[in-house]
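Heads up, coords-v7.csv below (CSV, C-alpha atoms):
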chain,number,residue,atom,x,y,z
A,148,MET,CA,-14.9,19.7,27.7
A,149,ARG,CA,-15.8,16.0,27.2
A,150,ARG,CA,-15.1,16.5,23.5
A,151,THR,CA,-11.6,17.9,24.3
A,152,LEU,CA,-10.9,14.9,26.6
A,153,MET,CA,-12.1,12.5,23.9
A,154,ILE,CA,-9.9,14.1,21.3
A,155,ALA,CA,-6.9,14.0,23.7
A,156,LEU,CA,-7.6,10.3,24.5
A,157,ILE,CA,-8.0,9.3,20.8
A,158,LEU,CA,-4.8,11.1,19.9
A,159,SER,CA,-3.0,9.3,22.7
A,160,LEU,CA,-4.3,5.9,21.6
A,161,LEU,CA,-3.4,6.6,18.0
A,162,SER,CA,0.2,7.3,19.1
A,163,ILE,CA,0.6,3.9,20.9
A,164,PRO,CA,1.1,1.7,17.8
A,165,GLU,CA,3.8,4.1,16.5
A,166,ILE,CA,5.6,4.0,19.8
A,167,MET,CA,5.3,0.3,20.2
A,168,ALA,CA,6.2,-0.4,16.5
A,169,SER,CA,9.4,-2.4,16.1
A,170,ALA,CA,12.4,-1.1,14.2
A,171,GLN,CA,11.6,-3.4,11.3
A,172,GLY,CA,8.1,-2.0,11.0
A,173,GLY,CA,6.9,-1.5,7.4
A,174,LEU,CA,9.1,-4.3,6.0
A,175,HIS,CA,7.5,-7.5,4.6
A,176,SER,CA,10.3,-9.5,6.2
A,177,GLY,CA,9.8,-7.8,9.6
A,178,TRP,CA,8.0,-10.9,10.9
A,179,VAL,CA,11.3,-12.9,10.8
A,180,PHE,CA,12.8,-10.4,13.4
A,181,GLU,CA,9.7,-10.4,15.5
A,182,ASN,CA,10.3,-13.9,16.8
A,183,GLY,CA,7.7,-15.4,14.4
A,184,SER,CA,6.7,-18.8,15.8
A,185,LYS,CA,7.6,-20.4,12.5
A,186,VAL,CA,11.3,-19.5,12.7
A,187,ASP,CA,11.8,-19.3,16.4
A,188,LYS,CA,12.5,-22.9,16.9
A,189,HIS,CA,15.2,-22.9,14.2
A,190,LYS,CA,17.1,-19.9,15.5
A,191,LEU,CA,20.8,-20.6,15.7
A,192,GLU,CA,22.1,-17.2,16.6
A,193,THR,CA,20.7,-13.7,17.2
A,194,SER,CA,22.4,-10.4,18.0
A,195,VAL,CA,21.0,-7.0,18.7
A,196,VAL,CA,23.5,-4.1,19.1
A,197,LYS,CA,22.7,-0.5,19.6
A,198,GLY,CA,24.3,2.5,21.3
A,199,GLU,CA,27.6,4.2,21.7
A,200,ARG,CA,29.8,1.4,20.2
A,201,LEU,CA,27.9,1.6,16.8
A,202,LYS,CA,28.7,5.3,16.4
A,203,GLU,CA,32.1,4.6,14.8
A,204,TYR,CA,30.3,2.7,12.1
A,205,LYS,CA,27.7,5.5,11.7
A,206,LEU,CA,25.0,3.0,12.7
A,207,ASN,CA,22.3,3.2,15.3
A,208,LEU,CA,21.0,-0.4,15.3
A,209,PHE,CA,22.2,-3.8,14.2
A,210,HIS,CA,20.0,-6.9,14.4
A,211,SER,CA,21.0,-10.2,13.0
A,212,ILE,CA,19.3,-13.6,13.0
A,213,LYS,CA,21.0,-16.8,11.7
A,214,LEU,CA,18.5,-19.5,11.0
A,215,CYS,CA,18.2,-23.0,9.6
A,216,CYS,CA,14.8,-23.7,8.1
A,217,THR,CA,12.7,-26.1,6.0
A,218,PRO,CA,12.6,-25.5,2.2
A,219,SER,CA,9.0,-24.0,2.5
A,220,GLU,CA,10.1,-21.6,5.3
A,221,TYR,CA,13.1,-20.6,3.2
A,222,ARG,CA,10.9,-19.9,0.3
A,223,GLU,CA,8.5,-17.8,2.4
A,224,ILE,CA,11.3,-15.7,3.9
A,225,SER,CA,12.8,-15.4,0.4
A,226,GLN,CA,9.5,-14.1,-0.9
A,227,SER,CA,9.3,-11.5,1.9
A,228,VAL,CA,12.7,-10.2,1.1
A,229,MET,CA,11.9,-10.0,-2.7
A,230,ALA,CA,8.7,-8.1,-1.8
A,231,ASP,CA,10.8,-5.7,0.2
A,232,SER,CA,13.3,-5.2,-2.7
A,233,ASN,CA,10.4,-3.6,-4.7
A,234,ASN,CA,10.4,-0.7,-2.2
A,235,ALA,CA,14.2,-0.4,-1.8
A,236,THR,CA,16.0,2.7,-2.9
A,237,ASP,CA,19.2,0.7,-3.7
A,238,LYS,CA,19.3,-3.0,-4.1
A,239,GLU,CA,21.7,-5.8,-4.8
A,240,LEU,CA,19.9,-9.1,-5.4
A,241,GLU,CA,21.1,-12.5,-6.5
A,242,ILE,CA,18.2,-14.9,-7.3
A,243,SER,CA,18.3,-18.5,-8.3
A,244,GLY,CA,15.2,-20.4,-9.3
A,245,GLY,CA,13.0,-17.7,-7.7
A,246,ASN,CA,14.8,-17.9,-4.4
A,247,VAL,CA,17.0,-15.2,-3.0
A,248,LYS,CA,20.7,-16.2,-2.6
A,249,TYR,CA,21.9,-12.7,-1.6
A,250,ALA,CA,20.2,-9.4,-0.9
A,251,LEU,CA,21.4,-6.0,0.2
A,252,LEU,CA,18.6,-3.5,0.3
A,253,ARG,CA,18.7,0.2,1.3
A,254,PHE,CA,15.6,2.1,2.2
A,255,GLU,CA,15.7,5.9,2.7
A,256,GLY,CA,14.4,6.7,6.2
A,257,GLU,CA,13.7,10.0,7.8
A,258,ASN,CA,16.3,12.6,8.7
A,259,GLY,CA,19.0,11.0,6.6
A,260,ILE,CA,18.8,7.7,8.4
A,261,ASN,CA,19.1,4.7,6.1
A,262,ARG,CA,17.4,1.4,6.8
A,263,TYR,CA,19.2,-1.7,5.6
A,264,LEU,CA,18.0,-5.3,5.0
A,265,ALA,CA,20.5,-7.9,4.1
A,266,MET,CA,20.2,-11.7,3.5
A,267,GLN,CA,22.9,-14.2,2.9
A,268,LEU,CA,23.3,-17.9,2.7
A,269,THR,CA,25.9,-19.1,5.1
A,270,SER,CA,26.9,-22.0,7.3
A,271,HIS,CA,26.9,-22.3,11.0
A,272,SER,CA,29.4,-24.3,13.0
A,273,THR,CA,28.4,-25.8,16.4
A,274,TYR,CA,31.1,-27.1,18.7
A,275,ILE,CA,29.9,-29.8,21.2
A,276,LYS,CA,32.4,-31.9,23.1
A,277,ASP,CA,35.2,-31.2,20.5
A,278,GLU,CA,32.9,-32.3,17.7
A,279,THR,CA,32.0,-29.7,15.1
A,280,THR,CA,28.7,-29.8,13.4
A,281,VAL,CA,28.2,-27.6,10.3
A,282,THR,CA,24.7,-26.5,9.5
A,283,ASP,CA,23.5,-24.8,6.3
A,284,ALA,CA,21.8,-21.7,7.3
A,285,PHE,CA,20.9,-18.2,6.2
A,286,LEU,CA,21.5,-14.9,7.8
A,287,ILE,CA,19.1,-12.0,7.8
A,288,VAL,CA,20.3,-8.6,9.1
A,289,TYR,CA,18.5,-5.3,9.7
A,290,MET,CA,20.4,-2.1,10.3
A,291,GLU,CA,19.7,1.6,10.7
A,292,GLY,CA,22.1,4.5,10.5
A,293,GLU,CA,23.6,7.3,8.5
A,294,ALA,CA,26.2,5.2,6.8
A,295,SER,CA,26.0,4.6,3.1
A,296,ILE,CA,26.6,1.3,1.3
A,297,PRO,CA,30.1,2.4,0.0
A,298,GLU,CA,31.0,3.5,3.6
A,299,LEU,CA,29.9,0.2,5.1
A,300,ARG,CA,31.6,-1.8,2.3
A,301,ALA,CA,34.8,0.1,3.0
A,302,LEU,CA,34.6,-0.5,6.7
A,303,PHE,CA,33.7,-4.2,6.7
A,304,SER,CA,34.9,-5.8,3.5
A,305,LYS,CA,38.5,-5.5,4.5
A,306,LYS,CA,37.8,-7.0,8.0
A,307,GLN,CA,37.0,-10.4,6.7
B,162,MET,CA,-21.6,58.9,61.7
B,163,ALA,CA,-18.1,58.7,60.3
B,164,GLU,CA,-16.7,60.4,63.4
B,165,ARG,CA,-18.6,57.9,65.6
B,166,TYR,CA,-17.1,55.1,63.4
B,167,PHE,CA,-13.6,56.2,64.3
B,168,ASN,CA,-14.6,56.4,68.0
B,169,ALA,CA,-16.1,52.8,67.7
B,170,GLY,CA,-19.4,54.3,68.6
B,171,LEU,CA,-21.5,52.7,65.8
B,172,SER,CA,-23.8,49.8,66.3
B,173,GLU,CA,-23.6,46.9,63.8
B,174,GLU,CA,-26.6,48.2,61.9
B,175,GLU,CA,-25.2,51.7,61.7
B,176,GLU,CA,-21.8,50.4,60.5
B,177,LEU,CA,-23.5,48.5,57.7
B,178,LEU,CA,-25.5,51.6,56.8
B,179,LEU,CA,-22.3,53.6,56.7
B,180,LYS,CA,-20.5,51.0,54.5
B,181,SER,CA,-23.5,51.0,52.1
B,182,PHE,CA,-23.5,54.8,51.9
B,183,ILE,CA,-19.8,55.2,51.1
B,184,THR,CA,-19.9,52.5,48.4
B,185,HIS,CA,-23.1,53.8,46.8
B,186,GLU,CA,-24.5,57.3,47.3
B,187,GLY,CA,-21.3,58.8,48.7
B,188,LYS,CA,-18.8,56.8,46.6
B,189,ASP,CA,-17.7,59.9,44.7
B,190,ASP,CA,-17.5,62.2,47.8
B,191,PRO,CA,-13.8,62.8,48.6
B,192,SER,CA,-14.6,63.7,52.2
B,193,PHE,CA,-15.2,60.0,52.8
B,194,ASP,CA,-11.8,59.0,51.4
B,195,GLU,CA,-10.3,58.6,54.9
B,196,ILE,CA,-13.0,56.3,56.1
B,197,ARG,CA,-13.0,54.6,52.7
B,198,ALA,CA,-9.3,53.9,53.1
B,199,VAL,CA,-10.0,52.2,56.4
B,200,MET,CA,-13.1,50.3,55.5
B,201,GLY,CA,-14.3,51.4,52.1
B,202,PHE,CA,-11.6,50.1,49.9
B,203,PHE,CA,-12.6,46.6,50.3
B,204,SER,CA,-16.3,47.6,49.9
B,205,VAL,CA,-15.7,49.7,46.8
B,206,LYS,CA,-13.7,46.9,45.2
B,207,LYS,CA,-16.2,44.3,46.2
B,208,GLU,CA,-19.0,46.5,44.8
B,209,LYS,CA,-17.1,47.1,41.6
B,210,TRP,CA,-16.2,43.5,41.0
B,211,SER,CA,-19.4,41.8,42.3
B,212,SER,CA,-21.5,44.0,40.0
B,213,SER,CA,-19.4,43.2,37.0
B,214,SER,CA,-20.0,40.4,34.6
B,215,GLU,CA,-16.2,39.9,34.3
B,216,TYR,CA,-15.9,39.0,37.9
B,217,ARG,CA,-18.8,36.6,37.7
B,218,SER,CA,-17.4,34.8,34.6
B,219,LEU,CA,-13.9,34.7,36.1
B,220,SER,CA,-15.0,33.3,39.4
B,221,GLY,CA,-17.5,31.0,38.0
B,222,ARG,CA,-17.5,29.1,34.8
B,223,ASN,CA,-14.1,30.2,33.5
B,224,VAL,CA,-12.2,29.1,36.6
B,225,PHE,CA,-13.7,25.6,36.3
B,226,THR,CA,-13.0,25.5,32.6
B,227,ILE,CA,-9.4,26.5,33.1
B,228,ALA,CA,-9.1,23.9,35.9
B,229,ARG,CA,-10.6,21.2,33.7
B,230,ILE,CA,-8.4,22.0,30.7
B,231,ALA,CA,-5.3,22.0,33.0
B,232,ALA,CA,-6.4,18.5,34.3
B,233,ALA,CA,-6.9,17.2,30.8
B,234,ALA,CA,-3.5,18.6,29.7
B,235,ALA,CA,-1.9,16.9,32.8
B,236,ALA,CA,-3.6,13.6,31.9
B,237,VAL,CA,-2.4,13.8,28.3
B,238,ALA,CA,1.1,14.7,29.5
B,239,ALA,CA,1.0,11.7,31.9
B,240,VAL,CA,0.0,9.3,29.1
B,241,ILE,CA,2.8,10.6,26.8
B,242,PHE,CA,5.3,10.3,29.7
B,243,ILE,CA,4.3,6.7,30.4
B,244,LEU,CA,4.4,5.8,26.7
B,245,ARG,CA,7.6,7.7,25.9
B,246,PRO,CA,10.3,5.6,24.0
B,247,LYS,CA,12.9,4.3,26.4
B,248,LYS,CA,16.0,6.3,26.4
B,249,GLU,CA,18.8,4.5,24.5
B,250,ALA,CA,21.4,3.1,26.8
B,251,ALA,CA,25.0,4.1,26.2
B,252,MET,CA,25.8,0.5,25.2
B,253,ASP,CA,22.9,-1.9,24.7
B,254,TYR,CA,23.5,-5.3,23.2
B,255,ILE,CA,22.3,-8.8,23.4
B,256,SER,CA,23.5,-11.9,21.6
B,257,TYR,CA,22.5,-15.5,21.8
B,258,ALA,CA,24.4,-18.3,20.1
B,259,ASP,CA,23.2,-21.9,20.1
B,260,GLY,CA,20.9,-21.0,23.0
B,261,ARG,CA,23.6,-19.5,25.1
B,262,LYS,CA,23.6,-15.8,26.0
B,263,VAL,CA,26.8,-14.0,25.1
B,264,THR,CA,27.7,-11.5,27.7
B,265,ASP,CA,31.1,-10.4,26.5
B,266,THR,CA,30.7,-7.0,24.7
B,267,GLU,CA,33.9,-7.5,22.6
B,268,LYS,CA,32.7,-10.9,21.4
B,269,VAL,CA,29.3,-9.5,20.4
B,270,MET,CA,31.1,-6.7,18.5
B,271,GLU,CA,33.5,-9.2,16.8
B,272,ASN,CA,30.5,-11.3,15.8
B,273,MET,CA,28.8,-8.3,14.3
B,274,GLU,CA,31.9,-7.3,12.4
B,275,GLU,CA,32.2,-10.9,11.1
B,276,ILE,CA,28.6,-10.9,9.9
B,277,LEU,CA,28.9,-7.6,8.2
B,278,GLY,CA,32.3,-8.7,6.7
B,279,GLY,CA,30.4,-11.6,5.1
B,280,ILE,CA,27.7,-9.4,3.8
B,281,PHE,CA,29.9,-6.7,2.3
B,282,SER,CA,32.5,-9.0,0.8
B,283,GLU,CA,32.5,-11.2,-2.2
B,284,SER,CA,31.5,-14.8,-1.4
B,285,SER,CA,32.3,-17.9,-3.5
B,286,SER,CA,29.3,-18.5,-5.8
B,287,ALA,CA,29.9,-22.2,-5.7
B,288,ASP,CA,29.6,-22.3,-1.9
B,289,ILE,CA,26.4,-20.3,-1.9
B,290,ASP,CA,24.8,-22.5,-4.6
B,291,SER,CA,25.8,-25.6,-2.6
B,292,ILE,CA,24.1,-24.2,0.6
B,293,LEU,CA,21.0,-23.2,-1.3
B,294,ASP,CA,20.8,-26.8,-2.8
B,295,ASN,CA,21.1,-28.3,0.7
B,296,ILE,CA,18.5,-26.0,2.2
B,297,LEU,CA,16.0,-26.6,-0.6
B,298,ASN,CA,16.5,-30.4,-0.8
B,299,LYS,CA,16.3,-31.3,2.8
Just give me the structure as structure tokens.
Amino acid sequence: MRRTLMIALILSLLSIPEIMASAQGGLHSGWVFENGSKVDKHKLETSVVKGERLKEYKLNLFHSIKLCCTPSEYREISQSVMADSNNATDKELEISGGNVKYALLRFEGENGINRYLAMQLTSHSTYIKDETTVTDAFLIVYMEGEASIPELRALFSKKQ
Amino acid sequence: MAERYFNAGLSEEEELLLKSFITHEGKDDPSFDEIRAVMGFFSVKKEKWSSSSEYRSLSGRNVFTIARIAAAAAAVAAVIFILRPKKEAAMDYISYADGRKVTDTEKVMENMEEILGGIFSESSSADIDSILDNILNK
């Protein structure tokens, strides 16, 4: 009986990390989404969307972070994204001098759910007392859903 | 003695003696069926079950084992219930821009569409190179 209880307890404990794991689990760049102390102070904008409203896009989860960072932090994030690209099923990568300028990666998940990681250089405008400040930044996005890249491109490219 | 039993004329010792007789020596004698129906059924059953190893194992060790397995299963079920993933809300969003929380659902959706529009559309290569230069040469 003690043995049965021990096995049950061990199985329960083993299931905890899986339950607690974040959506970006298994990605090298997952740390950027998990409020890493290195990038937290540079965060300009973050959005997490999930639920009913995403169904029309065939997505389950959208998580974006817009950051400004130091050159060394940018290189570190860039390296993480490049490491993830090695495991991607589909990838579009633009690299300059060993740094990622643009990335769109698709990973095949379970039950037909795709996982996407995208990174893009962008600018961020801040309006304070009628004064606009433009900051160079980069955007990193994680998504999950059944939508394919052509479907997402068809949905969003025309909306810009 | 059986007749005296029905007339409530037996002493306690005699009643025990009668019970013992109809569940042992006289257990197959049909002439005692009537009295067995009144007092013997319980005795016969008790005799049958109390002398069988099945009864002993069911009433003893196995009952406790079943109870303990049930308790363990209940404990595991409770752990799984506590750790179950939270059910997804019909609409669950959160957005922060420049340290301010955005509470307007439509604005959050517009922001998401704008971001994905940027990712899935062609961008000017010159602009991107300029941003990269600025970030790397701070």
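With atom CA of B:Leu277 on one side and atom CA of A:Tyr263 on the other, the separation reads 11.6 Å.
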- Distance-based interface of chain A with chain B, 6 Å, counting only C-alpha atoms, as a PyMOL selection string: chain A and resi 191-199+218+283+300+303-304+306-307
- Fewer than 2 positions away in the same chain doesn't count, so skip those; otherwise give me all residues within 9 Å of A:Met290, counting all atoms listed in the file, as a list in words. Ala170, Gln171, Leu206, Asn207, Leu208, Phe209, His210, Ser211, Asn261, Arg262, Tyr263, Leu264, Ala265, Val288 and Gly292 of chain A
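The interatomic distance for the pair atom CA of A:Phe254 and atom CA of A:Tyr289 works out to 10.9 Å.
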- Item | Contacts of A:Ala284 at 8 Å (all atoms listed in the file; same-chain gap of 6+ positions) as a VMD selection string | (chain A and resid 213 to 216 268 to 271) or (chain B and resid 292 296)
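Distances from A:Lys248, A:Lys238, A:Lys190, A:Arg222 to A:Ile296 were compared using all atoms listed in the file, and the smallest one belongs to A:Lys238.
The space separating atom CA of A:Ala301 from atom CA of A:Ile260 comes to 18.5 Å.
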- Contacts of A:Ser227 within 9 Å, all atoms listed in the file, excl. fewer than 6 positions in-chain, as a PyMOL selection string: chain A and resi 174-177
- Message: Please list as a PyMOL selection string every residue within 10 Å of A:Ile242, counting all atoms listed in the file and excluding residues in the same chain fewer than 6 positions away.
- Response: chain A and resi 225+229+248-250
- Message: What's around B:Glu164 at 12 Å? Count only C-alpha atoms, leave out sequence neighbours fewer than 3 positions away in its own chain, and write the answer as a ChimeraX atom specification.
- Response: /B:167-171,176,179,192-193,195-196
For stretch 272-283 of chain B, supply all heavy atoms and format the output as a PDB file, keeping the file's coordinate frame.
ATOM      1  N   ASN B 272      31.469 -10.553  16.563  1.00  0.00           N
ATOM      2  CA  ASN B 272      30.500 -11.300  15.800  1.00  0.00           C
ATOM      3  C   ASN B 272      29.763 -10.417  14.794  1.00  0.00           C
ATOM      4  O   ASN B 272      29.552 -10.802  13.645  1.00  0.00           O
ATOM      5  CB  ASN B 272      29.465 -11.932  16.791  1.00  0.00           C
ATOM      6  CG  ASN B 272      28.431 -12.777  16.079  1.00  0.00           C
ATOM      7  OD1 ASN B 272      28.774 -13.628  15.270  1.00  0.00           O
ATOM      8  ND2 ASN B 272      27.158 -12.532  16.362  1.00  0.00           N
ATOM      9  N   MET B 273      29.436  -9.199  15.224  1.00  0.00           N
ATOM     10  CA  MET B 273      28.800  -8.300  14.300  1.00  0.00           C
ATOM     11  C   MET B 273      29.686  -7.920  13.133  1.00  0.00           C
ATOM     12  O   MET B 273      29.250  -7.908  11.977  1.00  0.00           O
ATOM     13  CB  MET B 273      28.399  -6.985  15.076  1.00  0.00           C
ATOM     14  CG  MET B 273      27.581  -6.006  14.257  1.00  0.00           C
ATOM     15  SD  MET B 273      27.508  -4.361  14.982  1.00  0.00           S
ATOM     16  CE  MET B 273      29.066  -3.695  14.395  1.00  0.00           C
ATOM     17  N   GLU B 274      30.958  -7.669  13.438  1.00  0.00           N
ATOM     18  CA  GLU B 274      31.900  -7.300  12.400  1.00  0.00           C
ATOM     19  C   GLU B 274      32.084  -8.498  11.408  1.00  0.00           C
ATOM     20  O   GLU B 274      32.212  -8.311  10.203  1.00  0.00           O
ATOM     21  CB  GLU B 274      33.245  -6.904  12.971  1.00  0.00           C
ATOM     22  CG  GLU B 274      33.176  -5.529  13.632  1.00  0.00           C
ATOM     23  CD  GLU B 274      34.482  -5.117  14.287  1.00  0.00           C
ATOM     24  OE1 GLU B 274      35.445  -5.906  14.258  1.00  0.00           O
ATOM     25  OE2 GLU B 274      34.524  -4.007  14.847  1.00  0.00           O
ATOM     26  N   GLU B 275      32.089  -9.712  11.957  1.00  0.00           N
ATOM     27  CA  GLU B 275      32.200 -10.900  11.100  1.00  0.00           C
ATOM     28  C   GLU B 275      31.032 -11.044  10.170  1.00  0.00           C
ATOM     29  O   GLU B 275      31.174 -11.320   8.981  1.00  0.00           O
ATOM     30  CB  GLU B 275      32.364 -12.145  11.995  1.00  0.00           C
ATOM     31  CG  GLU B 275      32.759 -13.385  11.221  1.00  0.00           C
ATOM     32  CD  GLU B 275      32.795 -14.628  12.114  1.00  0.00           C
ATOM     33  OE1 GLU B 275      33.047 -14.480  13.330  1.00  0.00           O
ATOM     34  OE2 GLU B 275      32.539 -15.706  11.581  1.00  0.00           O
ATOM     35  N   ILE B 276      29.841 -10.829  10.730  1.00  0.00           N
ATOM     36  CA  ILE B 276      28.600 -10.900   9.900  1.00  0.00           C
ATOM     37  C   ILE B 276      28.618  -9.879   8.819  1.00  0.00           C
ATOM     38  O   ILE B 276      28.362 -10.181   7.643  1.00  0.00           O
ATOM     39  CB  ILE B 276      27.364 -10.761  10.832  1.00  0.00           C
ATOM     40  CG1 ILE B 276      27.171 -12.008  11.686  1.00  0.00           C
ATOM     41  CG2 ILE B 276      26.116 -10.474   9.995  1.00  0.00           C
ATOM     42  CD1 ILE B 276      26.143 -11.868  12.794  1.00  0.00           C
ATOM     43  N   LEU B 277      28.948  -8.630   9.181  1.00  0.00           N
ATOM     44  CA  LEU B 277      28.900  -7.600   8.200  1.00  0.00           C
ATOM     45  C   LEU B 277      30.084  -7.754   7.178  1.00  0.00           C
ATOM     46  O   LEU B 277      29.947  -7.398   5.997  1.00  0.00           O
ATOM     47  CB  LEU B 277      29.015  -6.196   8.861  1.00  0.00           C
ATOM     48  CG  LEU B 277      27.758  -5.823   9.652  1.00  0.00           C
ATOM     49  CD1 LEU B 277      27.925  -4.505  10.376  1.00  0.00           C
ATOM     50  CD2 LEU B 277      26.541  -5.748   8.738  1.00  0.00           C
ATOM     51  N   GLY B 278      31.177  -8.334   7.649  1.00  0.00           N
ATOM     52  CA  GLY B 278      32.300  -8.700   6.700  1.00  0.00           C
ATOM     53  C   GLY B 278      31.790  -9.638   5.665  1.00  0.00           C
ATOM     54  O   GLY B 278      32.129  -9.500   4.482  1.00  0.00           O
ATOM     55  N   GLY B 279      30.971 -10.608   6.070  1.00  0.00           N
ATOM     56  CA  GLY B 279      30.400 -11.600   5.100  1.00  0.00           C
ATOM     57  C   GLY B 279      29.454 -10.944   4.140  1.00  0.00           C
ATOM     58  O   GLY B 279      29.445 -11.272   2.949  1.00  0.00           O
ATOM     59  N   ILE B 280      28.676 -10.013   4.632  1.00  0.00           N
ATOM     60  CA  ILE B 280      27.700  -9.400   3.800  1.00  0.00           C
ATOM     61  C   ILE B 280      28.312  -8.427   2.761  1.00  0.00           C
ATOM     62  O   ILE B 280      27.904  -8.366   1.604  1.00  0.00           O
ATOM     63  CB  ILE B 280      26.624  -8.636   4.645  1.00  0.00           C
ATOM     64  CG1 ILE B 280      25.712  -9.672   5.295  1.00  0.00           C
ATOM     65  CG2 ILE B 280      25.808  -7.639   3.832  1.00  0.00           C
ATOM     66  CD1 ILE B 280      24.829  -9.146   6.381  1.00  0.00           C
ATOM     67  N   PHE B 281      29.334  -7.684   3.200  1.00  0.00           N
ATOM     68  CA  PHE B 281      29.900  -6.700   2.300  1.00  0.00           C
ATOM     69  C   PHE B 281      31.155  -7.181   1.569  1.00  0.00           C
ATOM     70  O   PHE B 281      31.866  -6.398   0.966  1.00  0.00           O
ATOM     71  CB  PHE B 281      30.253  -5.410   3.123  1.00  0.00           C
ATOM     72  CG  PHE B 281      29.016  -4.659   3.536  1.00  0.00           C
ATOM     73  CD1 PHE B 281      28.516  -4.752   4.824  1.00  0.00           C
ATOM     74  CD2 PHE B 281      28.324  -3.882   2.609  1.00  0.00           C
ATOM     75  CE1 PHE B 281      27.374  -4.075   5.197  1.00  0.00           C
ATOM     76  CE2 PHE B 281      27.174  -3.200   2.984  1.00  0.00           C
ATOM     77  CZ  PHE B 281      26.692  -3.298   4.278  1.00  0.00           C
ATOM     78  N   SER B 282      31.404  -8.479   1.602  1.00  0.00           N
ATOM     79  CA  SER B 282      32.500  -9.000   0.800  1.00  0.00           C
ATOM     80  C   SER B 282      32.018 -10.017  -0.183  1.00  0.00           C
ATOM     81  O   SER B 282      30.926 -10.571  -0.047  1.00  0.00           O
ATOM     82  CB  SER B 282      33.505  -9.744   1.789  1.00  0.00           C
ATOM     83  OG  SER B 282      33.983  -8.850   2.751  1.00  0.00           O
ATOM     84  N   GLU B 283      32.841 -10.244  -1.183  1.00  0.00           N
ATOM     85  CA  GLU B 283      32.500 -11.200  -2.200  1.00  0.00           C
ATOM     86  C   GLU B 283      32.533 -12.622  -1.616  1.00  0.00           C
ATOM     87  O   GLU B 283      33.454 -12.957  -0.884  1.00  0.00           O
ATOM     88  CB  GLU B 283      33.480 -11.138  -3.373  1.00  0.00           C
ATOM     89  CG  GLU B 283      33.434  -9.826  -4.150  1.00  0.00           C
ATOM     90  CD  GLU B 283      32.170  -9.691  -4.978  1.00  0.00           C
ATOM     91  OE1 GLU B 283      31.676 -10.714  -5.459  1.00  0.00           O
ATOM     92  OE2 GLU B 283      31.670  -8.551  -5.104  1.00  0.00           O
TER      93      GLU B 283
END
